[in-house]
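Source file: target_12.cif (mmCIF, C-alpha atoms)
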data_start
loop_
_atom_site.label_atom_id
_atom_site.label_comp_id
_atom_site.auth_asym_id
_atom_site.auth_seq_id
_atom_site.Cartn_x
_atom_site.Cartn_y
_atom_site.Cartn_z
CA THR A 320 -26.34 -4.41 113.64
CA PRO A 321 -24.41 -5.57 110.56
CA PRO A 322 -26.18 -5.46 107.20
CA ARG A 323 -28.08 -8.61 106.26
CA GLY A 324 -25.68 -11.30 105.11
CA ALA A 325 -22.63 -9.55 106.58
CA ALA A 326 -20.38 -11.52 108.87
CA PRO A 327 -20.61 -10.50 112.54
CA ALA A 328 -17.66 -8.62 113.98
CA GLU A 329 -15.13 -10.94 115.56
CA ILE A 330 -13.94 -8.46 118.17
CA SER A 331 -16.12 -5.97 119.97
CA PRO A 332 -14.23 -2.70 119.43
CA ALA A 333 -15.55 -1.18 122.65
CA GLU A 334 -14.26 -3.92 124.88
CA GLY A 335 -11.72 -5.92 122.89
CA VAL A 336 -13.76 -9.02 123.72
CA PRO A 337 -14.19 -11.86 121.24
CA VAL A 338 -17.71 -12.22 119.89
CA GLY A 339 -19.34 -14.52 117.37
CA ARG A 340 -17.16 -17.32 116.02
CA ALA A 341 -14.03 -16.02 117.78
CA CYS A 342 -15.71 -16.30 121.17
CA ARG A 343 -17.03 -19.80 120.45
CA GLU A 344 -13.56 -20.94 119.38
CA GLN A 345 -11.84 -19.38 122.39
CA CYS A 346 -14.47 -20.69 124.84
CA ALA A 347 -14.15 -24.19 123.40
CA LYS A 348 -10.59 -24.28 124.78
CA PRO A 349 -10.22 -25.14 128.47
CA VAL A 350 -8.13 -22.00 129.06
CA PRO A 351 -7.62 -18.94 126.86
CA ASP A 352 -4.56 -17.91 124.91
CA ASP A 353 -2.68 -14.68 125.67
CA VAL A 354 -2.89 -14.68 129.46
CA ALA A 355 -0.75 -12.47 131.68
CA VAL A 356 0.21 -14.50 134.75
CA VAL A 357 1.11 -12.31 137.74
CA VAL A 358 2.64 -14.05 140.75
CA VAL A 359 2.97 -11.93 143.90
CA ASP A 360 4.95 -13.58 146.70
CA ASP A 361 7.88 -12.47 148.83
CA SER A 362 9.61 -15.82 148.28
CA ALA A 363 11.46 -16.32 144.98
CA LEU A 364 11.18 -20.08 145.47
CA ASN A 365 7.40 -19.91 145.89
CA ARG A 366 7.06 -17.69 142.82
CA SER A 367 9.17 -20.15 140.84
CA CYS A 368 7.05 -23.14 141.94
CA ILE A 369 3.77 -21.40 141.04
CA ILE A 370 5.10 -20.33 137.65
CA ARG A 371 6.42 -23.83 136.92
CA SER A 372 2.98 -25.27 137.77
CA LEU A 373 1.15 -22.75 135.58
CA LYS A 374 3.55 -23.32 132.67
CA ARG A 375 2.63 -27.00 132.90
CA VAL A 376 -1.07 -26.06 132.77
CA GLN A 377 -0.36 -23.88 129.74
CA LYS A 378 1.48 -26.72 127.97
CA GLU A 379 -1.11 -29.40 128.75
CA THR A 380 -3.99 -27.21 127.57
CA ALA A 381 -2.14 -26.06 124.43
CA ALA A 382 -2.65 -22.43 125.39
CA ALA A 383 -0.43 -19.98 123.52
CA GLY A 384 0.99 -16.61 124.41
CA TRP A 385 1.03 -16.74 128.20
CA THR A 386 3.48 -14.30 129.80
CA TYR A 387 4.79 -14.59 133.34
CA HIS A 388 5.49 -11.69 135.69
CA GLN A 389 6.84 -11.83 139.24
CA PHE A 390 6.55 -9.32 142.08
CA GLU A 391 7.66 -9.44 145.71
CA THR A 392 4.83 -7.25 147.05
CA ILE A 393 1.33 -6.22 146.08
CA GLU A 394 2.41 -2.59 146.04
CA SER A 395 5.12 -3.31 143.45
CA SER A 396 2.63 -5.25 141.29
CA GLN A 397 -0.15 -2.65 141.28
CA PRO A 398 1.04 -0.51 138.33
CA PHE A 399 1.47 -3.63 136.17
CA ILE A 400 -1.91 -5.09 137.18
CA ARG A 401 -3.60 -1.73 136.52
CA GLY A 402 -2.02 -1.74 133.05
CA ILE A 403 -3.24 -5.21 132.12
CA HIS A 404 -6.67 -4.40 133.51
CA GLU A 405 -6.91 -1.19 131.47
CA THR A 406 -6.03 -3.06 128.27
CA ALA A 407 -8.56 -5.84 129.03
CA THR A 408 -5.77 -8.43 129.03
CA THR A 409 -6.87 -11.80 130.40
CA ALA A 410 -4.97 -12.48 133.61
CA ILE A 411 -4.29 -14.85 136.45
CA VAL A 412 -3.13 -13.15 139.65
CA SER A 413 -1.67 -15.32 142.41
CA LEU A 414 -1.34 -13.69 145.82
CA ASP A 415 0.57 -14.74 148.91
CA GLU A 416 -0.89 -13.49 152.21
CA GLN A 417 2.13 -12.04 154.05
CA MET A 418 4.84 -10.19 152.13
CA GLY A 419 6.41 -8.13 154.89
CA SER A 420 9.84 -9.71 154.46
CA ARG A 421 10.21 -7.71 151.22
CA GLY A 422 8.72 -4.50 152.57
CA GLY A 423 5.13 -5.18 151.58
CA VAL A 424 2.49 -3.46 153.67
CA MET A 425 -0.62 -4.86 152.00
CA THR A 426 -1.68 -8.42 152.76
CA GLY A 427 -3.06 -10.84 150.20
CA ILE A 428 -6.57 -10.27 151.60
CA GLN A 429 -6.13 -6.52 151.07
CA GLY A 430 -4.83 -7.29 147.57
CA THR A 431 -7.88 -9.39 146.78
CA GLU A 432 -10.11 -6.60 148.06
CA TRP A 433 -8.22 -4.07 145.90
CA LEU A 434 -8.55 -6.30 142.83
CA LEU A 435 -12.26 -7.00 143.22
CA HIS A 436 -13.65 -3.84 144.77
CA ASP A 437 -11.37 -1.00 143.70
CA LEU A 438 -10.14 -2.27 140.34
CA LYS A 439 -13.20 -4.39 139.39
CA PHE A 440 -10.76 -7.03 138.14
CA ASN A 441 -12.34 -9.65 135.89
CA GLY A 442 -9.61 -12.26 135.83
CA VAL A 443 -8.65 -15.32 137.83
CA ILE A 444 -7.49 -14.77 141.41
CA VAL A 445 -5.58 -17.52 143.23
CA SER A 446 -4.70 -17.37 146.90
CA ALA A 447 -1.34 -19.05 147.43
CA SER A 448 -0.89 -18.75 151.16
CA GLY A 449 0.46 -21.04 153.83
CA ASP A 450 -2.26 -19.69 156.14
CA PRO A 451 -5.44 -21.79 155.67
CA ASP A 452 -7.63 -19.15 157.35
CA ALA A 453 -6.37 -16.48 154.96
CA GLY A 454 -7.03 -18.80 152.02
CA ARG A 455 -10.62 -19.33 153.17
CA MET A 456 -11.04 -15.56 153.49
CA HIS A 457 -9.72 -15.07 149.95
CA LEU A 458 -12.30 -17.56 148.67
CA ALA A 459 -15.11 -15.91 150.65
CA MET A 460 -14.15 -12.57 149.10
CA GLY A 461 -14.28 -13.96 145.57
CA ALA A 462 -10.93 -15.58 144.78
CA HIS A 463 -11.29 -18.57 142.44
CA ALA A 464 -8.86 -20.97 144.11
CA ASN A 465 -6.91 -21.44 147.31
CA TRP A 466 -3.57 -23.21 147.07
CA GLY A 467 -1.81 -23.85 150.33
CA LYS A 468 1.89 -24.39 150.77
CA PRO A 469 3.18 -26.75 149.70
CA LEU A 470 1.21 -26.37 146.48
CA PRO A 471 -1.49 -28.96 145.72
CA ASN A 472 -0.86 -31.70 143.17
CA HIS A 473 -0.87 -30.80 139.49
CA ALA A 474 -4.29 -32.32 138.80
CA THR A 475 -5.84 -29.98 141.38
CA ILE A 476 -4.06 -26.93 139.96
CA LEU A 477 -5.14 -27.83 136.41
CA GLU A 478 -8.76 -28.36 137.49
CA ASP A 479 -8.79 -25.11 139.49
CA ILE A 480 -7.50 -23.05 136.55
CA ILE A 481 -9.93 -24.63 134.06
CA ASN A 482 -12.86 -24.11 136.42
CA ALA A 483 -11.82 -20.54 137.20
CA PHE A 484 -11.64 -19.58 133.53
CA ALA A 485 -15.02 -21.23 132.91
CA ALA A 486 -16.43 -18.96 135.63
CA VAL A 487 -14.95 -15.69 134.31
CA ARG A 488 -15.42 -15.93 130.54
CA CYS A 489 -18.11 -16.55 127.96
#

Could you show the structure in this file as structure tokens?
Amino acid sequence: TPPRGAAPAEISPAEGVPVGRACREQCAKPVPDDVAVVVVDDSALNRSCIIRSLKRVQKETAAAGWTYHQFETIESSQPFIRGIHETATTAIVSLDEQMGSRGGVMTGIQGTEWLLHDLKFNGVIVSASGDPDAGRMHLAMGAHANWGKPLPNHATILEDIINAFAAVRC
């Protein structure tokens, strides 16, 4: 507890999480700043479309400092995702369901399970699969949104991201 009259700490040193005024300011925004966006899909075109949509969300919400990272398989993304998780970086992870065309063995459902159960990931998970059944399974497991292919309209993507961040922070 800080001494009487002292300002509360703005960042919890143990967790790197905003507290006090910093948390209120960050939570007042529809989406946070400094988000690592990880898009995992075997199709370069699909990755590009998802990133373009999320950059539009970033611009419209005036969020700063988002970085974008692309991977063709879940296996190739795992070291990066572990790294952002270990540093408590806020993240959005978008997962396709089938990535065998690029040598991926894990499916998106297995990736969601790895994120939630093994890693205890506390970010936003988006299923971006052309398989509606897989998308429903992602949601049942705890993913925040399910975007089919083609991607939904921008208003839906924006609403999904805002709602997902509201669910995972503050």

query = Can you list, as a PyMOL selection string, the residues that the PyMOL selection byres ((chain A and resi 390-401) around 8) selects here?
reply = chain A and resi 357-363+388-389+402-405+414+418+421-427+430+438

query = Which residues match the PyMOL selection byres ((chain A and resi 462) around 12) in the file above, as a ChimeraX atom specification?
reply = /A:411-414,427-428,430-435,440-447,453-461,463-466,479-480,483-484,486-487

inquiry  = At a cut-off of 12 Å, using only C-alpha atoms, what residues contact Lys378 in chain A? Leave out same-chain residues fewer than 5 positions from it and give the result as a list in words.
reply    =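 My list of contacting residues is Pro349, Val350, Asp352, Arg371, Ser372, Leu373, Ala383, Gly384, Trp385 and Leu477 of chain A.
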
Going by the chain IDs and residue numbers used in this file, which residues fall under the PyMOL selection byres ((chain A and resi 449) around 7)? Write them as a CSV table (one decimal) with C-alpha atoms, in the frame of the given file.
chain,number,residue,atom,x,y,z
A,447,ALA,CA,-1.3,-19.0,147.4
A,448,SER,CA,-0.9,-18.8,151.2
A,450,ASP,CA,-2.3,-19.7,156.1
A,451,PRO,CA,-5.4,-21.8,155.7
A,467,GLY,CA,-1.8,-23.8,150.3
A,468,LYS,CA,1.9,-24.4,150.8

key: Among the residues A:Leu364, A:Ala485, A:Thr386, A:Ile369, the one that comes closest to Leu470 in chain A [using all atoms listed in the file]   =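 Selected residue with least distance to Leu470 in chain A: A:Ile369.
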
message = Under the rule that only C-alpha atoms are counted, which of A:Cys368, A:Val356, A:Thr409, A:Thr380 is the nearest residue to Arg488 in chain A?
response =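 Checking each of A:Cys368, A:Val356, A:Thr409, A:Thr380 against Arg488 in chain A, counting only C-alpha atoms, the winner is A:Thr409.
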
request  = Identify which of the residues A:Ala381, A:Ile370, A:Val376, A:Ala407 lies closest to Ala474 in chain A, counting all atoms listed in the file when measuring atom-to-atom distances.
outcome  =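 Once distances to Ala474 in chain A are computed over all atoms listed in the file, the minimum belongs to A:Val376.
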
Could you add whatever atoms are missing so that range 390-403 of chain A carries N, CA and C atoms, then write the result as a PDB file, in the coordinates of the input?
ATOM      1  N   PHE A 390       6.406 -10.471 141.200  1.00  0.00           N
ATOM      2  CA  PHE A 390       6.550  -9.320 142.080  1.00  0.00           C
ATOM      3  C   PHE A 390       6.666  -9.797 143.513  1.00  0.00           C
ATOM      4  N   GLU A 391       7.437  -9.065 144.308  1.00  0.00           N
ATOM      5  CA  GLU A 391       7.660  -9.440 145.710  1.00  0.00           C
ATOM      6  C   GLU A 391       6.594  -8.890 146.643  1.00  0.00           C
ATOM      7  N   THR A 392       5.869  -7.852 146.225  1.00  0.00           N
ATOM      8  CA  THR A 392       4.830  -7.250 147.050  1.00  0.00           C
ATOM      9  C   THR A 392       3.649  -6.842 146.178  1.00  0.00           C
ATOM     10  N   ILE A 393       2.514  -6.688 146.817  1.00  0.00           N
ATOM     11  CA  ILE A 393       1.330  -6.220 146.080  1.00  0.00           C
ATOM     12  C   ILE A 393       1.569  -4.809 145.584  1.00  0.00           C
ATOM     13  N   GLU A 394       2.167  -3.971 146.432  1.00  0.00           N
ATOM     14  CA  GLU A 394       2.410  -2.590 146.040  1.00  0.00           C
ATOM     15  C   GLU A 394       3.245  -2.507 144.762  1.00  0.00           C
ATOM     16  N   SER A 395       4.262  -3.350 144.650  1.00  0.00           N
ATOM     17  CA  SER A 395       5.120  -3.310 143.450  1.00  0.00           C
ATOM     18  C   SER A 395       4.391  -3.855 142.217  1.00  0.00           C
ATOM     19  N   SER A 396       3.363  -4.681 142.419  1.00  0.00           N
ATOM     20  CA  SER A 396       2.630  -5.250 141.290  1.00  0.00           C
ATOM     21  C   SER A 396       1.498  -4.362 140.795  1.00  0.00           C
ATOM     22  N   GLN A 397       1.053  -3.428 141.615  1.00  0.00           N
ATOM     23  CA  GLN A 397      -0.150  -2.650 141.280  1.00  0.00           C
ATOM     24  C   GLN A 397      -0.071  -1.906 139.950  1.00  0.00           C
ATOM     25  N   PRO A 398       1.018  -1.200 139.632  1.00  0.00           N
ATOM     26  CA  PRO A 398       1.040  -0.510 138.330  1.00  0.00           C
ATOM     27  C   PRO A 398       0.905  -1.493 137.156  1.00  0.00           C
ATOM     28  N   PHE A 399       1.555  -2.641 137.247  1.00  0.00           N
ATOM     29  CA  PHE A 399       1.470  -3.630 136.170  1.00  0.00           C
ATOM     30  C   PHE A 399       0.047  -4.179 136.065  1.00  0.00           C
ATOM     31  N   ILE A 400      -0.552  -4.540 137.195  1.00  0.00           N
ATOM     32  CA  ILE A 400      -1.910  -5.090 137.180  1.00  0.00           C
ATOM     33  C   ILE A 400      -2.895  -4.048 136.660  1.00  0.00           C
ATOM     34  N   ARG A 401      -2.731  -2.796 137.053  1.00  0.00           N
ATOM     35  CA  ARG A 401      -3.600  -1.730 136.520  1.00  0.00           C
ATOM     36  C   ARG A 401      -3.479  -1.676 134.988  1.00  0.00           C
ATOM     37  N   GLY A 402      -2.254  -1.796 134.496  1.00  0.00           N
ATOM     38  CA  GLY A 402      -2.020  -1.740 133.050  1.00  0.00           C
ATOM     39  C   GLY A 402      -2.694  -2.873 132.308  1.00  0.00           C
ATOM     40  N   ILE A 403      -2.581  -4.102 132.819  1.00  0.00           N
ATOM     41  CA  ILE A 403      -3.240  -5.210 132.120  1.00  0.00           C
ATOM     42  C   ILE A 403      -4.753  -5.103 132.231  1.00  0.00           C
TER      43      ILE A 403
END
